[in-house]
Every structure is written in C-alpha cells, then in structure tokens.
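Engineer: Next comes my_file_13.pdb, PDB, C-alpha atoms:
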ATOM      1  CA  MET A  86      -8.103  12.894 -12.080  1.00  0.00           C
ATOM      2  CA  ASP A  87      -5.467  11.830  -9.598  1.00  0.00           C
ATOM      3  CA  ASN A  88      -3.126  14.846  -9.526  1.00  0.00           C
ATOM      4  CA  GLN A  89      -0.380  12.955  -7.697  1.00  0.00           C
ATOM      5  CA  ASN A  90       0.008  10.382 -10.473  1.00  0.00           C
ATOM      6  CA  ALA A  91      -0.642  12.823 -13.325  1.00  0.00           C
ATOM      7  CA  LEU A  92       2.168  15.125 -12.168  1.00  0.00           C
ATOM      8  CA  HIS A  93       4.802  12.399 -11.925  1.00  0.00           C
ATOM      9  CA  GLY A  94       7.440  12.993 -14.634  1.00  0.00           C
ATOM     10  CA  THR A  95       6.343  16.572 -15.361  1.00  0.00           C
ATOM     11  CA  ALA A  96       9.210  18.939 -16.181  1.00  0.00           C
ATOM     12  CA  VAL A  97       9.268  21.997 -13.928  1.00  0.00           C
ATOM     13  CA  LEU A  98      11.239  25.186 -13.481  1.00  0.00           C
ATOM     14  CA  VAL A  99      11.876  26.459  -9.985  1.00  0.00           C
ATOM     15  CA  LYS A 100      10.701  30.079 -10.041  1.00  0.00           C
ATOM     16  CA  PRO A 101      13.546  32.457 -10.835  1.00  0.00           C
ATOM     17  CA  THR A 102      12.089  34.901  -8.301  1.00  0.00           C
ATOM     18  CA  LEU A 103      11.811  32.375  -5.465  1.00  0.00           C
ATOM     19  CA  ILE A 104      12.773  34.059  -2.199  1.00  0.00           C
ATOM     20  CA  ASN A 105      12.769  31.138   0.262  1.00  0.00           C
ATOM     21  CA  ASP A 106      15.211  28.763  -1.441  1.00  0.00           C
ATOM     22  CA  PRO A 107      17.311  26.918   1.169  1.00  0.00           C
ATOM     23  CA  ASP A 108      18.578  24.356  -1.379  1.00  0.00           C
ATOM     24  CA  ASN A 109      19.584  27.072  -3.881  1.00  0.00           C
ATOM     25  CA  LYS A 110      17.553  25.556  -6.741  1.00  0.00           C
ATOM     26  CA  LYS A 111      15.841  28.651  -8.172  1.00  0.00           C
ATOM     27  CA  ASN A 112      15.963  28.898 -11.956  1.00  0.00           C
ATOM     28  CA  GLN A 113      16.791  25.184 -12.285  1.00  0.00           C
ATOM     29  CA  VAL A 114      14.875  22.624 -14.329  1.00  0.00           C
ATOM     30  CA  GLY A 115      13.833  19.358 -12.728  1.00  0.00           C
ATOM     31  CA  VAL A 116      11.214  16.621 -12.911  1.00  0.00           C
ATOM     32  CA  ILE A 117       8.424  15.913 -10.430  1.00  0.00           C
ATOM     33  CA  ILE A 118       8.985  12.550  -8.779  1.00  0.00           C
ATOM     34  CA  MET A 119       6.382  12.815  -6.019  1.00  0.00           C
ATOM     35  CA  ALA A 120       3.504  15.161  -5.286  1.00  0.00           C
ATOM     36  CA  SER A 121       1.154  15.545  -2.371  1.00  0.00           C
ATOM     37  CA  VAL A 122      -1.153  18.253  -3.661  1.00  0.00           C
ATOM     38  CA  LYS A 123      -3.307  18.086  -0.538  1.00  0.00           C
ATOM     39  CA  ASP A 124      -0.251  18.949   1.572  1.00  0.00           C
ATOM     40  CA  ASP A 125       1.095  21.419  -1.023  1.00  0.00           C
ATOM     41  CA  ASN A 126       4.376  19.522  -1.162  1.00  0.00           C
ATOM     42  CA  VAL A 127       6.158  18.462  -4.355  1.00  0.00           C
ATOM     43  CA  MET A 128       9.434  16.542  -4.620  1.00  0.00           C
ATOM     44  CA  VAL A 129      11.508  17.514  -7.637  1.00  0.00           C
ATOM     45  CA  SER A 130      14.513  15.576  -8.931  1.00  0.00           C
ATOM     46  CA  PHE A 131      17.448  17.469 -10.395  1.00  0.00           C
ATOM     47  CA  GLY A 132      19.213  14.351 -11.640  1.00  0.00           C
ATOM     48  CA  ARG A 133      22.695  14.006 -10.178  1.00  0.00           C
ATOM     49  CA  ASN A 134      22.181  17.255  -8.265  1.00  0.00           C
ATOM     50  CA  GLY A 135      19.745  15.542  -5.909  1.00  0.00           C
ATOM     51  CA  HIS A 136      16.158  16.440  -5.093  1.00  0.00           C
ATOM     52  CA  SER A 137      14.285  19.088  -3.158  1.00  0.00           C
ATOM     53  CA  PHE A 138      10.790  19.731  -1.840  1.00  0.00           C
ATOM     54  CA  PHE A 139       8.738  22.764  -2.911  1.00  0.00           C
ATOM     55  CA  PRO A 140       5.237  24.181  -2.473  1.00  0.00           C
ATOM     56  CA  THR A 141       3.198  24.219  -5.681  1.00  0.00           C
ATOM     57  CA  ASP A 142       3.484  27.992  -6.117  1.00  0.00           C
ATOM     58  CA  ALA A 143       7.316  27.756  -6.252  1.00  0.00           C
ATOM     59  CA  LEU A 144       7.250  25.681  -9.451  1.00  0.00           C
ATOM     60  CA  LEU A 145       6.433  26.629 -13.030  1.00  0.00           C
ATOM     61  CA  ILE A 146       5.133  24.163 -15.621  1.00  0.00           C
ATOM     62  CA  LEU A 147       4.373  24.519 -19.313  1.00  0.00           C
ATOM     63  CA  ARG A 148       0.961  25.868 -20.202  1.00  0.00           C
ATOM     64  CA  LYS A 149      -1.181  23.895 -22.627  1.00  0.00           C
ATOM     65  CA  PRO A 150       0.330  24.288 -26.108  1.00  0.00           C
ATOM     66  CA  GLU A 151      -2.992  25.425 -27.613  1.00  0.00           C
ATOM     67  CA  ASP A 152      -3.288  28.199 -24.992  1.00  0.00           C
ATOM     68  CA  ILE A 153       0.280  29.333 -25.626  1.00  0.00           C
ATOM     69  CA  ARG A 154      -0.363  29.398 -29.381  1.00  0.00           C
ATOM     70  CA  LEU A 155      -3.584  31.401 -29.003  1.00  0.00           C
ATOM     71  CA  ASP A 156      -1.981  34.070 -26.792  1.00  0.00           C
ATOM     72  CA  ALA A 157       1.136  34.334 -28.959  1.00  0.00           C
ATOM     73  CA  GLN A 158      -0.893  34.651 -32.163  1.00  0.00           C
ATOM     74  CA  ASN A 159      -3.121  37.292 -30.577  1.00  0.00           C
ATOM     75  CA  ASP A 160      -0.043  39.279 -29.523  1.00  0.00           C
ATOM     76  CA  PHE A 161       2.072  38.587 -32.614  1.00  0.00           C
ATOM     77  CA  THR A 162       2.637  42.291 -33.346  1.00  0.00           C
ATOM     78  CA  LEU A 163       3.607  43.022 -29.725  1.00  0.00           C
ATOM     79  CA  LEU A 164       6.326  40.374 -29.472  1.00  0.00           C
ATOM     80  CA  PRO A 165       9.850  40.655 -30.861  1.00  0.00           C
ATOM     81  CA  PHE A 166      10.310  38.173 -33.697  1.00  0.00           C
ATOM     82  CA  TYR A 167      12.921  36.143 -31.796  1.00  0.00           C
ATOM     83  CA  ASP A 168      10.578  35.728 -28.799  1.00  0.00           C
ATOM     84  CA  TYR A 169       7.720  34.704 -31.084  1.00  0.00           C
ATOM     85  CA  ALA A 170       9.999  32.161 -32.806  1.00  0.00           C
ATOM     86  CA  ASP A 171      11.096  30.749 -29.437  1.00  0.00           C
ATOM     87  CA  ILE A 172       7.472  30.475 -28.306  1.00  0.00           C
ATOM     88  CA  MET A 173       6.541  28.567 -31.479  1.00  0.00           C
ATOM     89  CA  SER A 174       9.522  26.222 -30.909  1.00  0.00           C
ATOM     90  CA  ILE A 175       8.399  25.641 -27.330  1.00  0.00           C
ATOM     91  CA  ILE A 176       4.921  24.716 -28.566  1.00  0.00           C
ATOM     92  CA  GLU A 177       6.398  22.092 -30.912  1.00  0.00           C
ATOM     93  CA  LEU A 178       8.561  20.637 -28.143  1.00  0.00           C
ATOM     94  CA  ALA A 179       5.677  20.686 -25.635  1.00  0.00           C
ATOM     95  CA  GLU A 180       3.422  18.763 -28.030  1.00  0.00           C
ATOM     96  CA  SER A 181       5.963  15.945 -28.274  1.00  0.00           C
ATOM     97  CA  SER A 182       5.391  12.645 -26.525  1.00  0.00           C
ATOM     98  CA  SER A 183       9.061  12.688 -25.498  1.00  0.00           C
ATOM     99  CA  SER A 184       9.691  13.817 -21.929  1.00  0.00           C
ATOM    100  CA  ALA A 185      13.185  14.933 -22.996  1.00  0.00           C
ATOM    101  CA  PHE A 186      11.658  17.309 -25.580  1.00  0.00           C
ATOM    102  CA  ARG A 187       9.177  18.675 -23.030  1.00  0.00           C
ATOM    103  CA  LYS A 188      12.062  19.279 -20.625  1.00  0.00           C
ATOM    104  CA  GLU A 189      13.939  21.059 -23.434  1.00  0.00           C
ATOM    105  CA  ALA A 190      10.856  23.255 -23.915  1.00  0.00           C
ATOM    106  CA  VAL A 191      11.141  24.341 -20.263  1.00  0.00           C
ATOM    107  CA  VAL A 192      14.837  25.135 -20.754  1.00  0.00           C
ATOM    108  CA  LEU A 193      14.043  27.195 -23.869  1.00  0.00           C
ATOM    109  CA  ALA A 194      11.336  29.083 -21.950  1.00  0.00           C
ATOM    110  CA  MET A 195      14.053  30.505 -19.701  1.00  0.00           C
ATOM    111  CA  LYS A 196      15.560  32.561 -22.569  1.00  0.00           C
ATOM    112  CA  SER A 197      13.644  35.732 -21.791  1.00  0.00           C
ATOM    113  CA  PRO A 198      11.068  36.981 -19.272  1.00  0.00           C
ATOM    114  CA  ASP A 199       8.455  37.435 -22.023  1.00  0.00           C
ATOM    115  CA  VAL A 200       8.905  33.905 -23.359  1.00  0.00           C
ATOM    116  CA  LEU A 201       8.730  32.552 -19.818  1.00  0.00           C
ATOM    117  CA  GLU A 202       5.518  34.417 -19.122  1.00  0.00           C
ATOM    118  CA  TYR A 203       3.815  33.281 -22.340  1.00  0.00           C
ATOM    119  CA  THR A 204       4.743  29.630 -21.942  1.00  0.00           C
ATOM    120  CA  MET A 205       4.825  28.829 -18.211  1.00  0.00           C
ATOM    121  CA  VAL A 206       2.378  28.990 -15.321  1.00  0.00           C
ATOM    122  CA  SER A 207       2.764  28.199 -11.641  1.00  0.00           C
ATOM    123  CA  LEU A 208       1.853  24.663 -10.677  1.00  0.00           C
ATOM    124  CA  SER A 209      -0.615  26.009  -8.107  1.00  0.00           C
ATOM    125  CA  THR A 210      -2.423  27.912 -10.876  1.00  0.00           C
ATOM    126  CA  ALA A 211      -2.446  24.892 -13.193  1.00  0.00           C
ATOM    127  CA  LEU A 212      -4.000  22.809 -10.405  1.00  0.00           C
ATOM    128  CA  GLY A 213      -6.692  25.441  -9.808  1.00  0.00           C
ATOM    129  CA  MET A 214      -5.399  26.322  -6.354  1.00  0.00           C
ATOM    130  CA  LYS A 215      -4.679  29.898  -7.408  1.00  0.00           C
ATOM    131  CA  ARG A 216      -6.192  32.258  -9.989  1.00  0.00           C
ATOM    132  CA  ASN A 217      -4.268  32.783 -13.250  1.00  0.00           C
ATOM    133  CA  PRO A 218      -3.154  36.433 -13.577  1.00  0.00           C
ATOM    134  CA  GLY A 219      -2.848  36.099 -17.374  1.00  0.00           C
ATOM    135  CA  ILE A 220      -0.249  37.670 -19.641  1.00  0.00           C
ATOM    136  CA  SER A 221       0.726  41.079 -18.371  1.00  0.00           C
ATOM    137  CA  ARG A 222       3.497  42.047 -20.801  1.00  0.00           C
ATOM    138  CA  GLY A 223       6.203  42.909 -18.322  1.00  0.00           C
ATOM    139  CA  TYR A 224       5.090  41.196 -15.124  1.00  0.00           C
ATOM    140  CA  TYR A 225       7.758  38.644 -14.263  1.00  0.00           C
ATOM    141  CA  MET A 226       6.096  35.853 -12.271  1.00  0.00           C
TER     142      MET A 226
END
Translate this structure into structure tokens?

Structural biologist:
Amino acid sequence: MDNQNALHGTAVLVKPTLINDPDNKKNQVGVIIMASVKDDNVMVSFGRNGHSFFPTDALLILRKPEDIRLDAQNDFTLLPFYDYADIMSIIELAESSSSAFRKEAVVLAMKSPDVLEYTMVSLSTALGMKRNPGISRGYYM
C-alpha cells in the first residue's frame, strides 16, 4: 500500500495536547493534502486558514469503525450514555463514503476526552510507526 496516496484527503485533528505548535493549529480539523511518511512530514490543509506541516505523531485520525464499535460495546456500562451515543454517531459518519461526513465525525470526536480516546488514534500509530497504547479510560492522548 502506498501510504502517501492512501492518506491524501484523510480528515485529521491536530492533537489538542500538542506542545510544539508554531502555527497555532492544535485542536483544529484539517485534511491531509500531502504526506511523506518516510520523512515523517505531513501537510494538512485548513481550508481558508492555510496549511501547515506536522510530524505523524501530532495528528489524530479516526480509528476503524469496527474497532471503535467493539471497544465501545465492550465498555458500554463504563461510558456515560451521551458519550456512547456520540461514539455510535461517529461510527455511522466514519462508515460513510462522503469525506464531509468523515470530517464531521472528527469534529464530533472532539466533544469529550473519552469520545476522542475511543474514536481517534495518532497517525503514527495507525501507520505502525508507534505502538497503540489502547483505551486507558482517562488518559488523554
């Protein structure tokens, strides 16, 4: 699989906890327009707000909908109802073929730290460059 081409058009969230953020883009949703995975450099467009470059571990992408569903169903009794409902909505949006709906799923994931953790993963983890820490119930990426 050619990661550069596969990532093009993917909706991303700049990590809310990003420390080195010279362009002040943390906690903003954008779309990957160019990626050089080998160089750990990803260009993200923020529409009319321009574009910025980030390393893969500074960006969050949606997890696979089936993985989100499995974790949420396993932890159904641990999650507040409103978080569970948001997670199920994110799954529906993420399964859509519409890039606008997938971007809306990323926006919805920002509602709470728990929803964010259940539904998003760092791009570096998704690409296999970093080990997935899993759901920690309280650990905020």

Engineer: Can you turn the PyMOL selection byres ((chain A and resi 111) around 6) into a concrete residue list for this file, as number ranges by chain?

Structural biologist: A: 99-101, 109-110, 112-113

Engineer: If the PyMOL selection byres ((chain A and resi 200-217) around 10) were run on this exact file, what residues would it hold? Put them as number ranges by chain.

Structural biologist: A: 88, 92, 97-100, 122, 125, 127, 140-150, 152-154, 156-157, 164, 167-173, 175-176, 179, 190-199, 218-226

Engineer: As an exercise, work out the distance from CA of Thr102 in chain A to CA of Ser181 in chain A in Å and give it to one decimal place.

Structural biologist: 28.2 Å

Engineer: I'd like the interatomic distance between CA of Ser182 in chain A and CA of Asp124 in chain A, to a tenth of an Å.

Structural biologist: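 Taking CA of Ser182 in chain A as the start and CA of Asp124 in chain A as the end point, the length is 29.3 Å.
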
Engineer: Can you work out the spacing between CA of Glu180 in chain A and CA of Met119 in chain A in Å, to one decimal?

Structural biologist: 23.0 Å

Engineer: Tell me which residues the PyMOL selection byres ((chain A and resi 138) around 6) grabs here, as a list in words.

Structural biologist: Val127, Met128, Ser137 and Phe139 of chain A
